[in-house]
Amino acid sequence: MKNQVLNLKTRVMNINKSTRSNAVTIGGILIAYVVCTALINSGNMSNLLRNLLVAMCYYSIMAVSLNLTVGILGQLSLGHAGFMCIGAFTGAFFSKITVNTINNTFIRFTLAILIGAVAAGLFGIFIGVVVLRLKGDYLAIVTLAFGEIIKNVLNVFYIGYDSKGIHFSMKDTASLNLEEGGMVVVKGAQGISGTPRNSTFTIGVILLIITYLIIVNLVNSRSGRAIMAIRDNHIAAESVGIDITKYKILAFSISAALAGVAGVLYSHNIATVQSTKFGYNTSILILVFVVLGGMGNLRGSIIAAIILTVLPEYLRFMQDYRMLIYAIVLIVMMIFNWGPACINWRKNHSLKDLTKKLMKAKKEA
Amino acid sequence: MLAGVDMSFITYLLNGISLGSVYSIIALGYTMVYGIAKMLNFAHGDVIMVGGYIIFTIMSTLGLNPILGVLIAIILCTLLGMTIERIAYKPLRRAPSLAVLITAIGVSYLLQNLALLIFGAEAKSFTSVIPVKPLSLAGGRLSISGETLVTIPLCILIMTSLTIFIKKSKIGRGMVAVSEDKDAAVLMGINVNKTIAITFAIGSALAAVASALMFSTYTNLSSTSGAMPGIKAFVAAVFGGIGSIPGAMIGGILLGVIEILSRAYISTQLADAIVFLILIIVLLVKPTGILGKKIQEKV
Amino acid sequence: MEMLSVKNLSISFGGLHAVDSFSITINKGELYGLIGPNGAGKTTVFNLLTGVYKPDMGQVILDGENITGRSTIEINKAGVARTFQNIRLFKNMSVLDNVKCGLHNDNKYSTFAGIFRLPSYFKTEKRMNEQAYEILEVFGLEKEAKILSSNLPYGKQRKLEIARALATNPKLLLLDEPAAGMNPSETEELMETINLVRKQYDVTILLIEHDMKLVAGICEKIFVLNFGIELANGLPQDVLNNPEVIKAYLGE
């Protein structure tokens, strides 16, 4: 009986603990949102920062979703931007061809987000099935390869539509054979321009919170445990009957679908979406957010994404030096965080230690 | 007419082998470092770019002898490689591989932005360092560039001497030992730190050679010129089986040939996509690359 | 009634016969010991039984079902669970979650229900928590349920591995040196727990152990493996007095 009471207590505590952590993160996002909105309304926010608000949201979504693959599933992916690219293009394509038929912006944009997510998710399943049997650095290089393929192939896509339907070519606009009054939507390297600018800070924040909740709830569920079990020890996971392939693909495709959402947000925020923006450099940028924010730490991913999106812009006064400083900060932080010597040093010089020493000194005095 | 088609095919093939030879030389740097330090040195491609700028400065800005330029580039790149290893990678010797990867990315950004600061954003036009005249064959229908004539034999020479060096020299055998089992190598009295430093030195020296060869053919030199060849050379190393020197050679040449032929016969814009697609297929059929060893996990 | 019937199970690695014609019959509810000197192929037998390696030859029948050549996952679903010689816990997960991973296949709800917190999520999670605590209490780990499994002391990590295996509701439990690295009193306590588990969960156990005295104390039957071949098999007193066994253990 006593045991049961104890169990109940610890169980309740457990729920409280994870809910509290979620509440802190979501509360933080909401407070930031309210503060930003107040600043905008009172005219106190600089244009620079205002233009970055949506970017912070989609980069945060990218970072949180990549964390699912890298931090929670434990598989290194260097092609996350490819999924964003798919979401950006399918979402923008949908919005462009339905801009005159679906008048309700909310419905159209919601549909665009769903389509972008599903398209990217399907690609995630496909790529996952193909590559997830590879491990470590091999997986990394193959995801990089897939990201580059998506980028290069979309770069030669020409898609237009007229009364007869959708026309497709990989050569040029002329070979689409559009009839009079037809419209070219995807123009090869020029991508898609003139997508309705439906992305707002509010929508971005809502999508970020939804993404965060999806991943947090996944992690704290049966499937999430299976995913983390695979990360921690795949041989043991198999030995308790966890279907490794299934859960790897599940995590990978959810991560891809959410990157697709970020892509839709991106393409509805700028004048032109071009596939060349989604190369491995972008994938690596997102990976940096994840690693600096802490593997498996979703809140850390969001914070890192926001800081590293804003920081380079605020370093603009240093002009050419800003990326140099960024690079140095990155190296120093990695060495400080992970270098065995630094870890030891931190252990011996931690704040706790220092206060303890001070207390002791006080007592002795 | 048919003969004319064949001639252009042969030209493409030779260009492909030539480009592939450059990839192999770069891939050696990746493969050796990966084999010994078990890390993906993302900044390796940028060492090539640095080599290109050094040669460019000595040749075009200072107007000195190109061969001197190449020699100085080799020395400076070697020092650069060793410095990077000492400052950025060595403190992370026992850290998780992802941390090392991100650090390497940081080093890559650092080199690119340093080059951007020093040399500006405008691309420089590189003058070929190879004083060999093109060879004209088949009554002028087949012309082989001087760069190709030098690159291919040089690549073979480098491969052979490196293989002999690793098999016969004490340092080379130490490298093999470290790549097989670091802890056991320590017990055998091998200085692991020194071995890793030497590996970086050799890889970076080779990167300087590769830069001279590559920029002589593809003359556009900017701060990001090293990144893509670097990635492709890494793909080549994986392709051939990472950690294997003949693998790097085979992977590099295959990659170069596939790239040039796709460019010529399929699509310029899709050439990279085709290269990456073939990499994926190879890895699916043989997950450790063409000459890679199979690793069985102990349960 | 036969729980496990293995006939002529063999595997070789590069010409070396790691396990050669391994045959054993274990009755339901029995506690069987598998002993042998280092490198005798004991863990390889476990790897063959659990599908980590595919046998070159032979047959494995579990409770009347032929499971030869199946994958690890399928074999676990058929009712075989194991522990590992070198502990393989889910290190970055809590003790409780480790056990809940073991409950994975018997307590299902969809990923969708998990993400959107549908009623089936709450219902199943509640049941899983209850079952997990029940198992943890058997091993005296309930107070550490929230601790990260890698922070448990060594002996408790071994116990947790057994708890996790038991959570998959196996018919046959394979324990690979469960007492390795434990002091005598810990070992004795563990053996009592194993005996308790066997009765309470109605499970058949095959156990690898180095310490012959320990095995003789709790096992009903013992199988001695040497260089991949059967050296002796039968009741403890017969096996331990077998001159071949003594020779293999003490050397010439």
# chains A, B, ... in the order shown; residues from 1 in each chain; ligands from 1

call {"tool": "residues_around", "arguments": {"residues": "His210 of chain C", "least_positions_apart": "3", "cutoff": "8 Å", "atoms": "only C-alpha atoms", "output": "MDAnalysis selection string"}}
result
chainID C and resid 35:37 177

call {"tool": "select_by_dssp", "arguments": {"residues": "segment 87-163 of chain C", "states": "alpha helix (DSSP H)", "output": "PyMOL selection string"}}
result
chain C and resi 95-102+111-115+119-138+154-163

call {"tool": "write_last_selection", "arguments": {"atoms": "C-alpha atoms", "output": "mmCIF file, in the first residue's frame"}}
result
data_model
loop_
_atom_site.group_PDB
_atom_site.id
_atom_site.type_symbol
_atom_site.label_atom_id
_atom_site.label_comp_id
_atom_site.auth_asym_id
_atom_site.auth_seq_id
_atom_site.Cartn_x
_atom_site.Cartn_y
_atom_site.Cartn_z
ATOM 1 C CA VAL C 95 14.739 3.130 -15.689
ATOM 2 C CA LEU C 96 10.975 3.193 -16.116
ATOM 3 C CA ASP C 97 11.193 3.917 -19.849
ATOM 4 C CA ASN C 98 13.645 1.061 -20.310
ATOM 5 C CA VAL C 99 11.045 -1.329 -18.960
ATOM 6 C CA LYS C 100 8.296 0.350 -20.953
ATOM 7 C CA CYS C 101 10.301 -0.328 -24.110
ATOM 8 C CA GLY C 102 10.027 -3.979 -23.176
ATOM 9 C CA THR C 111 1.745 7.150 -33.272
ATOM 10 C CA PHE C 112 -1.110 9.466 -34.210
ATOM 11 C CA ALA C 113 -2.861 8.775 -30.900
ATOM 12 C CA GLY C 114 0.432 9.473 -29.149
ATOM 13 C CA ILE C 115 1.046 12.802 -30.854
ATOM 14 C CA PRO C 119 -7.873 8.620 -25.070
ATOM 15 C CA SER C 120 -6.099 5.399 -26.103
ATOM 16 C CA TYR C 121 -2.799 7.113 -25.256
ATOM 17 C CA PHE C 122 -3.785 7.826 -21.666
ATOM 18 C CA LYS C 123 -5.415 4.435 -21.185
ATOM 19 C CA THR C 124 -2.470 2.441 -22.540
ATOM 20 C CA GLU C 125 0.201 4.571 -20.864
ATOM 21 C CA LYS C 126 -1.542 4.110 -17.508
ATOM 22 C CA ARG C 127 -1.597 0.359 -17.991
ATOM 23 C CA MET C 128 2.044 0.348 -19.097
ATOM 24 C CA ASN C 129 3.101 2.343 -16.031
ATOM 25 C CA GLU C 130 1.314 -0.102 -13.751
ATOM 26 C CA GLN C 131 2.868 -3.134 -15.401
ATOM 27 C CA ALA C 132 6.303 -1.521 -15.457
ATOM 28 C CA TYR C 133 6.174 -0.655 -11.751
ATOM 29 C CA GLU C 134 5.017 -4.159 -10.988
ATOM 30 C CA ILE C 135 8.102 -5.606 -12.689
ATOM 31 C CA LEU C 136 10.418 -2.994 -11.168
ATOM 32 C CA GLU C 137 9.151 -3.886 -7.699
ATOM 33 C CA VAL C 138 10.147 -7.504 -8.219
ATOM 34 C CA TYR C 154 26.354 -1.716 -11.909
ATOM 35 C CA GLY C 155 24.471 -4.499 -10.160
ATOM 36 C CA LYS C 156 21.165 -2.724 -10.603
ATOM 37 C CA GLN C 157 21.893 -2.175 -14.289
ATOM 38 C CA ARG C 158 22.124 -5.951 -14.673
ATOM 39 C CA LYS C 159 18.829 -6.339 -12.852
ATOM 40 C CA LEU C 160 17.205 -3.707 -15.028
ATOM 41 C CA GLU C 161 18.245 -5.597 -18.132
ATOM 42 C CA ILE C 162 16.481 -8.678 -16.827
ATOM 43 C CA ALA C 163 13.437 -6.574 -15.936
#

call {"tool": "closest_residue", "arguments": {"among": "C:Glu2, C:Asp176, C:Asp56, C:Asp63", "to": "Glu30 of chain C", "atoms": "only C-alpha atoms"}}
result
C:Glu2

call {"tool": "atom_distance", "arguments": {"atom1": "atom CA of Ile73 of chain C", "atom2": "atom CA of Thr168 of chain C"}}
result
11.2 Å

call {"tool": "residues_around", "arguments": {"residues": "Gly91 of chain A", "least_positions_apart": "5", "cutoff": "7 Å", "atoms": "only C-alpha atoms", "output": "list in words"}}
result
Ala112, Ile113, Ile115, Gly116 and Val264 of chain A

call {"tool": "interface_residues", "arguments": {"of": "chain A", "to": "chain B", "cutoff": "7 Å", "atoms": "only C-alpha atoms", "output": "PDB file with N, CA and C atoms, in the first residue's frame"}}
result
ATOM      1  N   LEU A 134      21.948   2.565 -43.986  1.00  0.00           N
ATOM      2  CA  LEU A 134      23.337   2.985 -43.838  1.00  0.00           C
ATOM      3  C   LEU A 134      23.513   3.630 -42.469  1.00  0.00           C
ATOM      4  N   VAL A 142      25.022  10.400 -47.752  1.00  0.00           N
ATOM      5  CA  VAL A 142      23.922  10.078 -48.661  1.00  0.00           C
ATOM      6  C   VAL A 142      22.773  11.072 -48.502  1.00  0.00           C
ATOM      7  N   ALA A 145      23.795  13.952 -50.369  1.00  0.00           N
ATOM      8  CA  ALA A 145      23.617  13.694 -51.800  1.00  0.00           C
ATOM      9  C   ALA A 145      22.161  13.894 -52.201  1.00  0.00           C
ATOM     10  N   GLU A 148      21.294  17.543 -52.393  1.00  0.00           N
ATOM     11  CA  GLU A 148      21.839  18.180 -53.592  1.00  0.00           C
ATOM     12  C   GLU A 148      21.055  17.758 -54.836  1.00  0.00           C
ATOM     13  N   ILE A 149      20.611  16.491 -54.873  1.00  0.00           N
ATOM     14  CA  ILE A 149      19.821  16.031 -56.025  1.00  0.00           C
ATOM     15  C   ILE A 149      18.515  16.824 -56.101  1.00  0.00           C
ATOM     16  N   ASN A 152      19.289  20.323 -57.349  1.00  0.00           N
ATOM     17  CA  ASN A 152      19.683  20.392 -58.757  1.00  0.00           C
ATOM     18  C   ASN A 152      18.539  20.053 -59.700  1.00  0.00           C
ATOM     19  N   VAL A 153      17.729  19.077 -59.323  1.00  0.00           N
ATOM     20  CA  VAL A 153      16.634  18.668 -60.208  1.00  0.00           C
ATOM     21  C   VAL A 153      15.564  19.758 -60.255  1.00  0.00           C
ATOM     22  N   VAL A 288      23.995  23.173 -37.298  1.00  0.00           N
ATOM     23  CA  VAL A 288      24.712  23.969 -36.298  1.00  0.00           C
ATOM     24  C   VAL A 288      23.741  24.425 -35.193  1.00  0.00           C
ATOM     25  N   ASP A 320      32.363  42.759 -43.254  1.00  0.00           N
ATOM     26  CA  ASP A 320      33.050  41.552 -43.715  1.00  0.00           C
ATOM     27  C   ASP A 320      33.500  40.656 -42.567  1.00  0.00           C
ATOM     28  N   MET A 323      30.985  37.149 -40.563  1.00  0.00           N
ATOM     29  CA  MET A 323      30.995  35.706 -40.768  1.00  0.00           C
ATOM     30  C   MET A 323      32.264  35.076 -40.189  1.00  0.00           C
ATOM     31  N   LEU A 324      33.333  35.875 -40.217  1.00  0.00           N
ATOM     32  CA  LEU A 324      34.586  35.413 -39.642  1.00  0.00           C
ATOM     33  C   LEU A 324      34.405  35.192 -38.138  1.00  0.00           C
ATOM     34  N   ALA A 327      32.338  32.162 -37.467  1.00  0.00           N
ATOM     35  CA  ALA A 327      33.118  30.927 -37.594  1.00  0.00           C
ATOM     36  C   ALA A 327      33.959  30.678 -36.348  1.00  0.00           C
ATOM     37  N   ILE A 328      34.612  31.746 -35.871  1.00  0.00           N
ATOM     38  CA  ILE A 328      35.469  31.581 -34.690  1.00  0.00           C
ATOM     39  C   ILE A 328      34.631  31.201 -33.473  1.00  0.00           C
ATOM     40  N   LEU A 330      31.874  29.644 -33.441  1.00  0.00           N
ATOM     41  CA  LEU A 330      31.456  28.254 -33.608  1.00  0.00           C
ATOM     42  C   LEU A 330      32.551  27.289 -33.136  1.00  0.00           C
ATOM     43  N   ILE A 331      33.766  27.516 -33.607  1.00  0.00           N
ATOM     44  CA  ILE A 331      34.876  26.624 -33.254  1.00  0.00           C
ATOM     45  C   ILE A 331      35.123  26.657 -31.747  1.00  0.00           C
ATOM     46  N   MET A 334      32.434  24.873 -29.770  1.00  0.00           N
ATOM     47  CA  MET A 334      32.498  23.417 -29.864  1.00  0.00           C
ATOM     48  C   MET A 334      33.612  22.877 -28.964  1.00  0.00           C
ATOM     49  N   ILE A 335      34.757  23.535 -29.027  1.00  0.00           N
ATOM     50  CA  ILE A 335      35.880  23.053 -28.214  1.00  0.00           C
ATOM     51  C   ILE A 335      35.554  23.212 -26.732  1.00  0.00           C
ATOM     52  N   TRP A 338      32.748  20.527 -25.849  1.00  0.00           N
ATOM     53  CA  TRP A 338      32.974  19.095 -26.026  1.00  0.00           C
ATOM     54  C   TRP A 338      34.401  18.636 -25.771  1.00  0.00           C
ATOM     55  N   GLY A 339      35.343  19.561 -25.767  1.00  0.00           N
ATOM     56  CA  GLY A 339      36.724  19.124 -25.566  1.00  0.00           C
ATOM     57  C   GLY A 339      36.883  18.497 -24.196  1.00  0.00           C
ATOM     58  N   PRO A 340      37.440  17.276 -24.134  1.00  0.00           N
ATOM     59  CA  PRO A 340      37.583  16.612 -22.836  1.00  0.00           C
ATOM     60  C   PRO A 340      38.322  17.477 -21.814  1.00  0.00           C
TER      61      PRO A 340
END

call {"tool": "interface_residues", "arguments": {"of": "chain A", "to": "chain C", "cutoff": "7 Å", "atoms": "only C-alpha atoms", "output": "VMD selection string"}}
result
chain A and resid 214 217 to 218 221 to 223 225 to 226 229 232 to 233 236 238 to 243

call {"tool": "write_last_selection", "arguments": {"atoms": "C-alpha atoms", "output": "CSV table (one decimal), in the first residue's frame"}}
result
chain,number,residue,atom,x,y,z
A,214,ILE,CA,4.1,17.3,-32.1
A,217,ASN,CA,4.3,14.5,-27.6
A,218,LEU,CA,5.9,12.0,-30.0
A,221,SER,CA,4.9,8.3,-26.3
A,222,ARG,CA,5.3,4.7,-27.2
A,223,SER,CA,6.7,5.4,-30.6
A,225,ARG,CA,10.5,5.6,-26.7
A,226,ALA,CA,11.0,3.1,-29.5
A,229,ALA,CA,15.7,3.0,-27.8
A,232,ASP,CA,20.7,4.3,-27.4
A,233,ASN,CA,21.2,0.7,-28.5
A,236,ALA,CA,19.0,-4.1,-27.5
A,238,GLU,CA,15.7,-5.3,-31.6
A,239,SER,CA,16.0,-7.8,-28.7
A,240,VAL,CA,12.9,-6.4,-27.1
A,241,GLY,CA,11.0,-6.6,-30.4
A,242,ILE,CA,11.2,-3.0,-31.6
A,243,ASP,CA,10.9,-2.7,-35.4

call {"tool": "residues_around", "arguments": {"residues": "Tyr53 of chain B", "least_positions_apart": "3", "cutoff": "12 Å", "atoms": "only C-alpha atoms", "output": "MDAnalysis selection string"}}
result
chainID B and resid 46:50 56:61 69:70 72:74 76:77 111:112 114:116 118:120 123:127 208 211:212 215 219:226

call {"tool": "atom_distance", "arguments": {"atom1": "atom CA of Gly81 of chain B", "atom2": "atom CA of Ala205 of chain B"}}
result
8.2 Å

call {"tool": "residues_around", "arguments": {"residues": "Thr44 of chain C", "least_positions_apart": "4", "cutoff": "10 Å", "atoms": "only C-alpha atoms", "output": "list in words"}}
result
Val299 of chain B; Ser10, Ile11, Ala18, Val19, Gly39, Ala40, Leu48, Leu49, Thr50, Val52, Tyr53 and Gly228 of chain C

call {"tool": "residues_around", "arguments": {"residues": "segment 213-219 of chain C", "least_positions_apart": "3", "cutoff": "8 Å", "atoms": "only C-alpha atoms", "output": "PDB file with N, CA and C atoms, in the first residue's frame"}}
result
ATOM      1  N   LEU C  31      15.072 -24.426 -15.254  1.00  0.00           N
ATOM      2  CA  LEU C  31      16.160 -23.452 -15.199  1.00  0.00           C
ATOM      3  C   LEU C  31      17.419 -24.200 -15.606  1.00  0.00           C
ATOM      4  N   TYR C  32      17.903 -23.872 -16.774  1.00  0.00           N
ATOM      5  CA  TYR C  32      18.988 -24.626 -17.389  1.00  0.00           C
ATOM      6  C   TYR C  32      20.245 -23.779 -17.365  1.00  0.00           C
ATOM      7  N   GLY C  33      21.368 -24.355 -17.058  1.00  0.00           N
ATOM      8  CA  GLY C  33      22.615 -23.596 -17.053  1.00  0.00           C
ATOM      9  C   GLY C  33      23.463 -23.970 -18.259  1.00  0.00           C
ATOM     10  N   MET C 191      20.321 -14.461  -7.571  1.00  0.00           N
ATOM     11  CA  MET C 191      19.866 -15.814  -7.864  1.00  0.00           C
ATOM     12  C   MET C 191      18.483 -16.062  -7.238  1.00  0.00           C
ATOM     13  N   ASN C 195      15.047 -17.011  -9.267  1.00  0.00           N
ATOM     14  CA  ASN C 195      14.150 -18.101  -8.886  1.00  0.00           C
ATOM     15  C   ASN C 195      12.722 -17.611  -8.679  1.00  0.00           C
ATOM     16  N   GLU C 209      26.751 -18.916 -17.318  1.00  0.00           N
ATOM     17  CA  GLU C 209      27.478 -18.477 -16.135  1.00  0.00           C
ATOM     18  C   GLU C 209      28.867 -19.097 -16.119  1.00  0.00           C
ATOM     19  N   ILE C 222      22.395 -28.843 -16.436  1.00  0.00           N
ATOM     20  CA  ILE C 222      23.539 -28.061 -16.909  1.00  0.00           C
ATOM     21  C   ILE C 222      24.038 -28.621 -18.233  1.00  0.00           C
ATOM     22  N   PRO C 236      23.130 -31.595 -12.492  1.00  0.00           N
ATOM     23  CA  PRO C 236      24.334 -30.921 -12.006  1.00  0.00           C
ATOM     24  C   PRO C 236      25.375 -31.868 -11.416  1.00  0.00           C
ATOM     25  N   GLN C 237      24.934 -32.775 -10.529  1.00  0.00           N
ATOM     26  CA  GLN C 237      25.957 -33.598  -9.866  1.00  0.00           C
ATOM     27  C   GLN C 237      26.690 -34.495 -10.854  1.00  0.00           C
TER      28      GLN C 237
END

call {"tool": "select_by_dssp", "arguments": {"residues": "segment 15-238 of chain A", "states": "strand (DSSP E or B)", "output": "VMD selection string"}}
result
chain A and resid 158 to 162 165 to 169 183 to 187 192 to 193

call {"tool": "write_last_selection", "arguments": {"atoms": "N, CA and C atoms", "output": "short mmCIF file (atom, residue, chain, number, x, y, z; two decimals), in the first residue's frame"}}
result
data_model
loop_
_atom_site.label_atom_id
_atom_site.label_comp_id
_atom_site.auth_asym_id
_atom_site.auth_seq_id
_atom_site.Cartn_x
_atom_site.Cartn_y
_atom_site.Cartn_z
N TYR A 158 10.44 23.12 -65.18
CA TYR A 158 9.56 24.16 -65.73
C TYR A 158 8.15 23.62 -65.67
N ILE A 159 7.31 24.31 -64.94
CA ILE A 159 5.93 23.84 -64.84
C ILE A 159 4.99 25.02 -65.12
N GLY A 160 4.01 24.79 -65.97
CA GLY A 160 3.04 25.83 -66.25
C GLY A 160 1.66 25.22 -66.34
N TYR A 161 0.64 26.06 -66.40
CA TYR A 161 -0.69 25.48 -66.59
C TYR A 161 -1.55 26.40 -67.45
N ASP A 162 -2.46 25.75 -68.16
CA ASP A 162 -3.44 26.48 -68.94
C ASP A 162 -4.77 25.74 -68.82
N GLY A 165 -4.69 21.98 -68.43
CA GLY A 165 -4.11 21.34 -67.25
C GLY A 165 -2.67 21.77 -67.04
N ILE A 166 -1.91 20.91 -66.33
CA ILE A 166 -0.54 21.26 -65.96
C ILE A 166 0.45 20.71 -66.99
N HIS A 167 1.40 21.57 -67.40
CA HIS A 167 2.43 21.16 -68.35
C HIS A 167 3.77 21.13 -67.63
N PHE A 168 4.61 20.18 -68.05
CA PHE A 168 5.88 20.02 -67.35
C PHE A 168 7.01 19.82 -68.35
N SER A 169 8.16 20.43 -68.07
CA SER A 169 9.32 20.23 -68.93
C SER A 169 10.58 20.38 -68.09
N MET A 183 -0.08 30.10 -67.86
CA MET A 183 0.85 30.76 -66.95
C MET A 183 2.01 29.82 -66.58
N VAL A 184 3.23 30.34 -66.65
CA VAL A 184 4.38 29.57 -66.21
C VAL A 184 4.52 29.77 -64.71
N VAL A 185 4.50 28.70 -63.93
CA VAL A 185 4.58 28.84 -62.48
C VAL A 185 6.02 28.62 -62.00
N VAL A 186 6.61 27.53 -62.43
CA VAL A 186 7.99 27.25 -62.03
C VAL A 186 8.89 27.49 -63.23
N LYS A 187 9.85 28.41 -63.05
CA LYS A 187 10.69 28.80 -64.19
C LYS A 187 12.13 28.39 -63.96
N ILE A 192 10.00 30.03 -58.37
CA ILE A 192 8.63 30.52 -58.37
C ILE A 192 8.63 31.93 -57.81
N SER A 193 8.10 32.88 -58.58
CA SER A 193 7.96 34.22 -58.01
C SER A 193 6.50 34.62 -57.92
#

call {"tool": "residues_around", "arguments": {"residues": "segment 143-145 of chain B", "least_positions_apart": "6", "cutoff": "9 Å", "atoms": "only C-alpha atoms", "output": "JSON, numbers by chain"}}
result
{"B": [11, 14, 15, 132, 133, 134, 135, 136, 137, 217]}

call {"tool": "atom_distance", "arguments": {"atom1": "atom CA of Arg20 of chain A", "atom2": "atom CA of Gly296 of chain A"}}
result
17.2 Å

call {"tool": "closest_residue", "arguments": {"among": "C:Glu230, C:Glu188, C:Glu220, C:Glu65", "to": "Thr204 of chain C", "atoms": "only C-alpha atoms"}}
result
C:Glu220
